[in-house]
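For reference, data31.cif (mmCIF, C-alpha atoms):
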```
data_work
loop_
_atom_site.label_atom_id
_atom_site.label_comp_id
_atom_site.auth_asym_id
_atom_site.auth_seq_id
_atom_site.Cartn_x
_atom_site.Cartn_y
_atom_site.Cartn_z
CA MET U 1 124.27 148.30 106.76
CA ALA U 2 120.62 147.23 106.84
CA GLY U 3 119.71 144.35 104.54
CA LYS U 4 117.14 144.39 101.81
CA GLU U 5 113.50 144.51 102.92
CA LEU U 6 110.61 142.80 101.14
CA HIS U 7 106.88 143.29 101.50
CA LEU U 8 105.02 140.18 100.34
CA GLU U 9 101.30 139.77 99.74
CA ALA U 10 100.05 136.82 101.78
CA GLY U 11 96.32 136.41 101.45
CA GLU U 12 94.73 139.59 102.74
CA ARG U 13 97.88 140.75 104.52
CA THR U 14 101.24 142.19 103.64
CA VAL U 15 104.16 140.60 105.46
CA ARG U 16 107.46 142.39 105.92
CA ILE U 17 110.60 140.30 105.43
CA SER U 18 113.63 142.04 106.90
CA SER U 19 117.17 141.24 105.73
CA ALA U 20 115.54 139.44 102.81
CA ASP U 21 118.87 139.13 100.98
CA ARG U 22 120.53 137.22 103.81
CA VAL U 23 121.86 133.94 102.38
CA ILE U 24 120.28 130.96 104.14
CA PHE U 25 121.45 128.22 101.78
CA PRO U 26 124.90 128.78 100.26
CA ALA U 27 125.39 127.84 96.62
CA THR U 28 126.42 124.27 95.79
CA ALA U 29 127.88 122.75 92.64
CA LYS U 30 124.32 122.14 91.42
CA THR U 31 122.25 124.89 93.07
CA ALA U 32 122.34 128.65 93.44
CA GLU U 33 122.34 130.35 96.82
CA ILE U 34 118.94 130.90 98.42
CA SER U 35 118.05 133.94 100.50
CA LYS U 36 115.61 134.43 103.34
CA GLY U 37 113.32 136.38 101.05
CA GLU U 38 113.32 133.55 98.52
CA ILE U 39 112.33 131.09 101.24
CA ALA U 40 109.35 133.28 102.17
CA GLU U 41 108.40 133.58 98.49
CA TYR U 42 108.69 129.81 98.10
CA TYR U 43 106.26 129.15 100.95
CA LEU U 44 103.73 131.57 99.50
CA SER U 45 104.05 129.88 96.09
CA VAL U 46 102.87 126.59 97.64
CA GLY U 47 100.45 128.33 99.97
CA ASP U 48 97.47 126.00 99.49
CA GLY U 49 99.65 122.95 100.07
CA ILE U 50 101.53 124.17 103.13
CA MET U 51 98.30 125.41 104.70
CA ARG U 52 96.61 122.06 104.10
CA ALA U 53 99.50 120.48 106.00
CA LEU U 54 99.53 123.03 108.86
CA ARG U 55 96.07 124.55 109.23
CA GLU U 56 94.76 124.47 112.81
CA ARG U 57 97.70 122.27 113.91
CA PRO U 58 100.04 123.19 116.78
CA THR U 59 103.39 123.57 115.03
CA THR U 60 107.00 123.52 116.16
CA LEU U 61 109.30 125.79 114.17
CA GLU U 62 112.78 124.68 113.11
CA ARG U 63 114.67 127.95 112.89
CA TRP U 64 118.04 128.56 111.20
CA PRO U 65 118.35 132.36 111.46
CA LYS U 66 122.08 132.30 110.64
CA GLY U 67 121.64 130.04 107.64
CA VAL U 68 122.46 126.42 106.87
CA ASN U 69 126.22 126.77 107.00
CA GLU U 70 129.11 124.57 108.05
CA GLY U 71 129.84 124.84 111.74
CA ILE U 72 126.30 125.73 112.77
CA VAL U 73 125.44 124.14 116.13
CA VAL U 74 121.91 122.79 116.47
CA SER U 75 120.30 122.89 119.91
CA THR U 76 118.97 119.57 121.19
CA ARG U 77 116.86 118.52 124.17
CA GLU U 78 120.06 117.74 126.03
CA ARG U 79 122.16 120.70 124.88
CA GLY U 80 120.80 124.17 124.30
CA GLY U 81 122.48 127.34 123.14
CA GLY U 82 122.86 126.44 119.46
CA ASP U 83 122.63 128.69 116.41
CA ALA U 84 119.70 126.63 115.05
CA PHE U 85 116.89 125.40 117.24
CA TYR U 86 113.37 124.04 117.55
CA GLN U 87 110.89 126.65 118.79
CA LYS U 88 107.92 125.15 120.61
CA ARG U 89 106.62 128.32 122.21
CA VAL U 90 105.45 131.42 120.37
CA PRO U 91 108.42 133.73 119.60
CA LYS U 92 108.48 137.22 121.03
CA GLY U 93 107.16 139.93 118.76
CA ALA U 94 104.58 137.72 117.06
CA PRO U 95 101.94 139.67 115.11
CA ASP U 96 98.44 139.95 116.57
CA TYR U 97 96.92 137.79 113.82
CA LEU U 98 99.04 134.80 114.84
CA GLU U 99 96.90 132.25 116.71
CA THR U 100 97.99 129.54 119.13
CA ALA U 101 97.02 126.19 120.60
CA THR U 102 97.92 124.84 124.03
CA ILE U 103 99.55 121.43 124.00
CA GLN U 104 100.82 119.18 126.78
CA PHE U 105 104.15 117.36 126.72
CA PRO U 106 104.73 113.84 128.14
CA SER U 107 106.42 115.51 131.14
CA GLY U 108 103.11 117.16 132.05
CA ARG U 109 104.31 120.65 131.15
CA SER U 110 102.35 122.64 128.60
CA ALA U 111 103.05 125.34 126.02
CA ASP U 112 101.27 127.62 123.62
CA GLU U 113 102.45 126.73 120.12
CA ILE U 114 101.88 128.57 116.88
CA CYS U 115 98.76 127.30 115.14
CA PRO U 116 98.77 128.46 111.50
CA THR U 117 95.43 129.67 110.19
CA GLU U 118 96.50 131.71 107.13
CA PRO U 119 99.47 132.03 104.73
CA ALA U 120 100.68 135.23 106.40
CA VAL U 121 101.64 133.17 109.47
CA VAL U 122 103.87 130.93 107.35
CA ALA U 123 105.51 133.94 105.69
CA TRP U 124 106.12 135.59 109.06
CA CYS U 125 107.71 132.38 110.35
CA ALA U 126 110.04 132.43 107.32
CA HIS U 127 110.89 136.03 108.22
CA MET U 128 111.92 134.66 111.65
CA GLY U 129 114.35 132.21 110.04
CA THR U 130 112.06 129.17 110.00
CA ILE U 131 113.08 126.57 107.45
CA THR U 132 111.01 123.55 108.50
CA PHE U 133 107.52 123.26 109.97
CA HIS U 134 106.78 120.36 112.33
CA PRO U 135 103.02 120.11 112.92
CA TRP U 136 101.42 117.90 115.54
CA PRO U 137 99.01 115.22 114.18
CA VAL U 138 96.10 116.97 115.92
CA ARG U 139 93.85 119.98 115.35
CA ARG U 140 93.58 122.65 118.03
CA ALA U 141 89.90 121.82 118.66
CA ASP U 142 91.08 118.52 120.22
CA VAL U 143 94.79 118.30 120.93
CA ASP U 144 94.62 114.92 122.68
CA HIS U 145 93.21 112.85 119.81
CA PRO U 146 95.34 112.56 116.65
CA ASP U 147 93.67 112.51 113.24
CA GLU U 148 96.70 111.25 111.34
CA LEU U 149 98.80 108.08 111.28
CA ARG U 150 102.33 108.84 110.13
CA ILE U 151 104.25 105.93 108.63
CA ASP U 152 107.93 106.81 108.51
CA LEU U 153 110.10 104.61 106.27
CA ASP U 154 113.62 105.41 107.43
CA PRO U 155 116.54 103.86 105.50
CA GLN U 156 119.29 102.60 107.78
CA PRO U 157 123.00 102.55 106.83
CA GLY U 158 123.46 100.23 103.88
CA THR U 159 120.04 101.06 102.42
CA ASP U 160 118.78 104.03 100.42
CA PHE U 161 115.74 105.65 98.85
CA SER U 162 115.21 102.80 96.39
CA ASN U 163 114.87 100.37 99.31
CA ALA U 164 112.31 102.68 100.91
CA VAL U 165 110.40 102.76 97.61
CA ALA U 166 110.17 98.96 97.60
CA ILE U 167 108.76 98.91 101.12
CA ALA U 168 106.38 101.77 100.28
CA ALA U 169 104.87 99.53 97.58
CA GLU U 170 104.27 96.83 100.21
CA ALA U 171 102.79 99.45 102.54
CA ARG U 172 100.43 100.56 99.77
CA THR U 173 99.19 96.98 99.37
CA LEU U 174 98.64 96.62 103.11
CA LEU U 175 96.77 99.93 103.30
CA LYS U 176 94.49 98.82 100.47
CA GLU U 177 93.75 95.54 102.28
CA LEU U 178 92.83 97.53 105.40
CA GLY U 179 90.57 99.82 103.37
CA TYR U 180 92.75 102.87 103.98
CA VAL U 181 93.90 105.60 101.60
CA GLY U 182 97.50 106.64 102.15
CA TYR U 183 99.25 109.77 100.90
CA PRO U 184 103.02 109.45 100.31
CA LYS U 185 105.66 112.17 100.27
CA THR U 186 109.42 112.31 100.20
CA SER U 187 111.00 113.10 103.54
CA GLY U 188 113.40 115.62 102.03
CA GLY U 189 116.15 113.09 102.70
CA ARG U 190 116.43 109.39 101.86
CA GLY U 191 113.14 108.33 103.40
CA ILE U 192 109.43 108.26 102.60
CA HIS U 193 106.49 109.34 104.73
CA ILE U 194 102.95 108.03 104.30
CA TYR U 195 100.02 109.83 105.94
CA VAL U 196 96.59 108.32 106.63
CA ARG U 197 93.73 110.36 108.08
CA PHE U 198 91.61 108.95 110.93
CA GLU U 199 88.67 110.06 112.98
CA PRO U 200 90.05 112.03 115.97
CA LYS U 201 88.66 109.67 118.60
CA TRP U 202 91.72 107.63 119.60
CA THR U 203 94.63 108.54 121.86
CA PHE U 204 98.30 109.04 121.04
CA THR U 205 98.93 105.63 122.63
CA ASP U 206 96.37 104.05 120.31
CA MET U 207 97.90 105.70 117.24
CA ARG U 208 101.36 104.57 118.28
CA HIS U 209 100.12 101.00 118.78
CA ALA U 210 98.57 101.15 115.30
CA ALA U 211 101.95 102.18 113.86
CA ILE U 212 103.64 99.29 115.68
CA ALA U 213 101.08 96.84 114.29
CA PHE U 214 101.52 98.20 110.77
CA GLY U 215 105.30 97.99 111.04
CA ARG U 216 105.27 94.44 112.40
CA GLU U 217 103.07 93.32 109.53
CA LEU U 218 105.52 94.83 107.05
CA GLU U 219 108.30 92.94 108.86
CA ARG U 220 106.43 89.67 108.35
CA ARG U 221 105.82 90.40 104.69
CA ARG U 222 109.33 91.61 103.89
CA PRO U 223 111.64 89.66 106.25
CA GLY U 224 115.21 90.84 106.12
CA GLU U 225 114.18 94.16 104.58
CA VAL U 226 112.08 95.85 107.31
CA THR U 227 112.59 96.35 111.04
CA THR U 228 110.73 97.92 113.94
CA LYS U 229 113.67 97.48 116.33
CA TRP U 230 114.08 100.66 118.34
CA TRP U 231 117.77 100.17 119.15
CA LYS U 232 120.06 101.02 116.25
CA GLU U 233 122.42 98.17 117.03
CA GLU U 234 119.60 95.71 116.25
CA ARG U 235 118.28 97.22 113.02
CA GLY U 236 120.85 96.07 110.48
CA GLU U 237 120.69 97.14 106.82
CA LYS U 238 116.93 97.49 106.67
CA ILE U 239 114.15 100.06 106.42
CA PHE U 240 113.18 101.12 109.93
CA ILE U 241 109.48 101.77 110.57
CA ASP U 242 109.77 104.56 113.15
CA TYR U 243 106.62 103.91 115.14
CA ASN U 244 107.62 106.48 117.79
CA GLN U 245 106.91 109.27 115.33
CA ASN U 246 103.32 108.73 116.46
CA ALA U 247 104.03 109.30 120.16
CA ARG U 248 102.89 112.51 121.84
CA ASP U 249 105.21 115.45 121.11
CA ARG U 250 106.88 113.68 118.19
CA THR U 251 106.50 115.42 114.85
CA ILE U 252 107.56 115.00 111.22
CA ALA U 253 108.48 117.74 108.77
CA SER U 254 105.29 118.73 106.98
CA ALA U 255 104.53 118.37 103.31
CA TYR U 256 106.21 121.25 101.43
CA SER U 257 108.64 121.93 104.28
CA ILE U 258 112.21 122.78 103.34
CA ARG U 259 114.87 120.63 104.99
CA PRO U 260 118.14 122.09 106.29
CA ARG U 261 120.44 120.29 103.87
CA PRO U 262 122.58 121.55 100.98
CA GLY U 263 120.49 122.55 98.00
CA ALA U 264 117.33 123.22 100.07
CA PRO U 265 115.46 119.94 99.46
CA VAL U 266 111.71 119.88 100.05
CA SER U 267 109.52 117.19 101.59
CA THR U 268 107.22 116.79 98.60
CA PRO U 269 103.90 114.99 98.02
CA VAL U 270 104.17 112.40 95.27
CA GLU U 271 101.91 109.93 93.51
CA TRP U 272 102.33 106.26 94.34
CA ASP U 273 103.10 105.29 90.76
CA GLU U 274 105.86 107.88 90.34
CA LEU U 275 107.86 106.74 93.36
CA PRO U 276 110.01 104.24 91.38
CA GLU U 277 110.83 106.93 88.81
CA ILE U 278 112.06 109.72 91.10
CA THR U 279 114.95 110.59 93.36
CA PRO U 280 114.51 112.91 96.35
CA ASP U 281 117.04 115.46 95.02
CA LEU U 282 114.58 116.35 92.24
CA PHE U 283 112.50 118.34 94.71
CA THR U 284 113.99 121.60 95.96
CA VAL U 285 113.00 125.19 96.64
CA ALA U 286 113.97 125.91 93.02
CA THR U 287 111.88 123.14 91.42
CA VAL U 288 108.81 122.54 93.58
CA PRO U 289 106.96 125.82 92.80
CA ALA U 290 106.75 124.93 89.09
CA ARG U 291 105.64 121.38 89.93
CA PHE U 292 103.00 122.78 92.28
CA ALA U 293 101.77 125.26 89.66
CA GLU U 294 101.46 122.48 87.09
CA ARG U 295 100.07 119.63 89.18
CA GLY U 296 98.59 121.29 92.24
CA ASP U 297 98.71 119.74 95.69
CA LEU U 298 98.87 115.95 95.38
CA HIS U 299 97.53 115.77 98.95
CA ALA U 300 94.48 117.88 98.04
CA LYS U 301 92.04 115.05 98.86
CA ILE U 302 93.69 113.95 102.10
CA ASP U 303 90.89 115.37 104.25
CA ASP U 304 88.09 113.83 102.20
CA VAL U 305 88.03 110.56 104.18
CA HIS U 306 88.76 109.86 107.85
CA HIS U 307 89.18 106.16 108.60
CA ASP U 308 88.48 103.83 111.53
CA LEU U 309 91.59 102.82 113.52
CA THR U 310 89.96 99.67 114.92
CA PRO U 311 91.41 97.18 112.37
CA LEU U 312 94.99 98.18 113.24
CA LEU U 313 94.30 98.13 116.98
CA GLU U 314 92.83 94.64 116.65
CA MET U 315 95.93 93.62 114.71
CA TYR U 316 98.07 94.98 117.57
CA GLU U 317 96.12 92.96 120.16
CA ARG U 318 96.24 89.75 118.11
CA ASP U 319 99.99 90.08 117.73
CA GLU U 320 100.50 89.60 121.50
CA GLN U 321 104.08 90.91 121.36
CA GLY U 322 103.16 93.85 123.54
CA ASP U 323 104.51 97.36 123.54
CA MET U 324 107.91 98.64 122.46
CA PRO U 325 110.34 101.21 123.91
CA TYR U 326 109.58 104.93 123.90
CA PRO U 327 112.21 107.61 123.15
CA PRO U 328 114.75 108.13 125.96
CA ASP U 329 113.43 111.53 127.09
CA TYR U 330 109.98 110.12 127.94
CA PRO U 331 108.97 109.14 131.46
CA LYS U 332 108.39 105.43 131.97
CA MET U 333 105.17 104.69 130.08
CA PRO U 334 102.43 102.19 131.04
CA GLY U 335 103.00 98.77 129.50
CA GLU U 336 106.42 99.71 128.13
CA PRO U 337 109.13 97.02 128.23
CA LYS U 338 112.47 97.67 129.88
CA ARG U 339 114.09 100.62 128.13
CA VAL U 340 117.73 99.61 127.91
CA GLN U 341 120.11 99.14 125.00
CA PRO U 342 120.46 95.38 124.42
CA SER U 343 124.26 95.42 124.57
CA ARG U 344 124.01 97.04 128.01
CA ASP U 345 121.25 94.81 129.32
CA THR U 346 122.98 92.89 132.11
CA ASP U 347 119.91 90.69 132.69
CA ARG U 348 119.95 89.58 129.05
CA LYS U 349 123.70 88.92 129.26
CA ASP U 350 123.20 86.82 132.40
CA GLU U 351 120.50 84.77 130.68
CA SER U 352 122.79 84.20 127.68
CA ASP U 353 125.58 83.04 130.01
CA ASP U 354 123.19 80.60 131.67
CA GLU U 355 122.14 79.17 128.28
CA ALA U 356 125.76 78.72 127.29
#
```

Turn this file's structure into structure tokens for me.
Amino acid sequence: MAGKELHLEAGERTVRISSADRVIFPATAKTAEISKGEIAEYYLSVGDGIMRALRERPTTLERWPKGVNEGIVVSTRERGGGDAFYQKRVPKGAPDYLETATIQFPSGRSADEICPTEPAVVAWCAHMGTITFHPWPVRRADVDHPDELRIDLDPQPGTDFSNAVAIAAEARTLLKELGYVGYPKTSGGRGIHIYVRFEPKWTFTDMRHAAIAFGRELERRRPGEVTTKWWKEERGEKIFIDYNQNARDRTIASAYSIRPRPGAPVSTPVEWDELPEITPDLFTVATVPARFAERGDLHAKIDDVHHDLTPLLEMYERDEQGDMPYPPDYPKMPGEPKRVQPSRDTDRKDESDDEA
């Protein structure tokens, strides 16, 4: 039997949502079930916000066409064939109004990715089972020069959202000292993301070095609470500043994106002063539309100012600690230290034996 079909008004277009009654998020003890049609309606209800986050940006789609259910296998770079997957290339059957941007991966390969230009594109992606949008920090006019620093405060085991809030306050102080305006949002999980707009004149390597410098300064200011250590075995119970989120082909769930977790949480823009008063489970597909209608997009001014990256790059050079490891799927990068887990580093073990 064919599922329910919806026709939704999205700007100047009407978008068909097939099987709109298909359950994507099962009910929980606190939340009702959420259908594919409701996800499309949600994205249109925050249309100005999601478009501000995605417009003109190459975007990877995180698709869960069978729903967020127990037993769903997610495809990874190492293992394909899952029921949920990340779509980097334009899906077959895309409408003619969908536009693209060509991006290049660290491997040297390239792909044409979806580049949202209007709300109908977002609604169509929801029709295709997209739950989360992962935009690149570039615009399609110049895909090699990021315009956005993404500061990812990632709680490690033994820490939680409240710890991330404390470090976010320190990050806010540091941004102010640098003359930067940062825009925070919940991650949709336990973490916090902070976005800062920059002139698109520096490379991905520069932006990543800026993130390293920012993270190291937070480490100095909050010793024992913050880490930039790439290897999990070295991080401890701290907030990890994931500098590699600023490497080429690394993306973060956009503002207003739904996350594939029970209850359909949403990565939601927040005000700095409300961070200590909230918990991330307050923001879901069911609650964010009313918040958006009442308060608008709290990132509405994010494009008003584009900053100069030079102060952070100078901080990186003064630090003299050099570069840090890239993710494991990257080719060996210029200036990168040895990429090996410390507990498996035989050279380090030999040096320790000599010292003993």

> Near Ala120 in chain U, counting only C-alpha atoms, which residues have an atom at most 9 Å away, once you skip same-chain residues fewer than 5 positions from it, shown as a PyMOL selection string?
Replying inline: chain U and resi 8-15+44+97-98+125

> Between U:Met51, U:Thr203, U:Arg261, U:Asp273, which is the closest to Thr28 in chain U once you count all atoms listed in the file?
Replying inline: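 The answer is U:Arg261, which sits nearest to Thr28 in chain U.
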
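Minimum distance to Ser162 in chain U across U:Glu5, U:Asp345, U:Glu336, U:Glu225 (counting all atoms listed in the file) occurs at U:Glu225.
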
> Skipping near chain neighbours, those fewer than 3 positions away, what residues fall within 10 Å of Asp206 in chain U using all atoms listed in the file, listed as a VMD selection string?
Replying inline: chain U and resid 145 to 146 201 to 203 209 to 212 246 to 247 309 to 310 312 to 313 316

Those selected residues, please, written with C-alpha atoms and delivered as a PDB file, in the frame of the given file.
```pdb
ATOM      1  CA  HIS U 145      93.210 112.850 119.810  1.00  0.00           C
ATOM      2  CA  PRO U 146      95.340 112.560 116.650  1.00  0.00           C
ATOM      3  CA  LYS U 201      88.660 109.670 118.600  1.00  0.00           C
ATOM      4  CA  TRP U 202      91.720 107.630 119.600  1.00  0.00           C
ATOM      5  CA  THR U 203      94.630 108.540 121.860  1.00  0.00           C
ATOM      6  CA  HIS U 209     100.120 101.000 118.780  1.00  0.00           C
ATOM      7  CA  ALA U 210      98.570 101.150 115.300  1.00  0.00           C
ATOM      8  CA  ALA U 211     101.950 102.180 113.860  1.00  0.00           C
ATOM      9  CA  ILE U 212     103.640  99.290 115.680  1.00  0.00           C
ATOM     10  CA  ASN U 246     103.320 108.730 116.460  1.00  0.00           C
ATOM     11  CA  ALA U 247     104.030 109.300 120.160  1.00  0.00           C
ATOM     12  CA  LEU U 309      91.590 102.820 113.520  1.00  0.00           C
ATOM     13  CA  THR U 310      89.960  99.670 114.920  1.00  0.00           C
ATOM     14  CA  LEU U 312      94.990  98.180 113.240  1.00  0.00           C
ATOM     15  CA  LEU U 313      94.300  98.130 116.980  1.00  0.00           C
ATOM     16  CA  TYR U 316      98.070  94.980 117.570  1.00  0.00           C
TER      17      TYR U 316
END
```

>> Evaluated on this file, the PyMOL selection byres ((chain U and resi 53-65) around 9) picks out some residues - which ones are they, written as a PyMOL selection string?
In response: chain U and resi 24+36+48-52+66-68+72+74+83-89+99-103+112-118+125-141+143+251+254-256+260+299

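Against this structure, the PyMOL selection byres ((chain U and resi 21) around 10) ends up with Gly3, Lys4, Glu5, Leu6, Ile17, Ser18, Ser19, Ala20, Arg22, Val23, Ile24, Ile34, Ser35, Lys36, Gly37 and Glu38 of chain U.
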
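Reported to one decimal place, the separation of CA of Ile194 in chain U from CA of Met333 in chain U is 26.1 Å.
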
> In Å, with one decimal, what is the gap from CA of Pro95 in chain U to CA of Tyr43 in chain U?
Replying inline: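 Computing the Euclidean distance for CA of Pro95 in chain U and CA of Tyr43 in chain U yields 18.2 Å.
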
> Hey, which of U:Thr186, U:Thr279, U:Thr228, U:Thr173 ends up closest to Ile252 in chain U? Count all atoms listed in the file.
Replying inline: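 Closest to Ile252 in chain U of all the choices is U:Thr186.
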
> Just how far from CA of Ala286 in chain U is CA of Arg172 in chain U, in Å to one decimal?
Replying inline: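 CA of Arg172 in chain U sits 29.5 Å away from CA of Ala286 in chain U.
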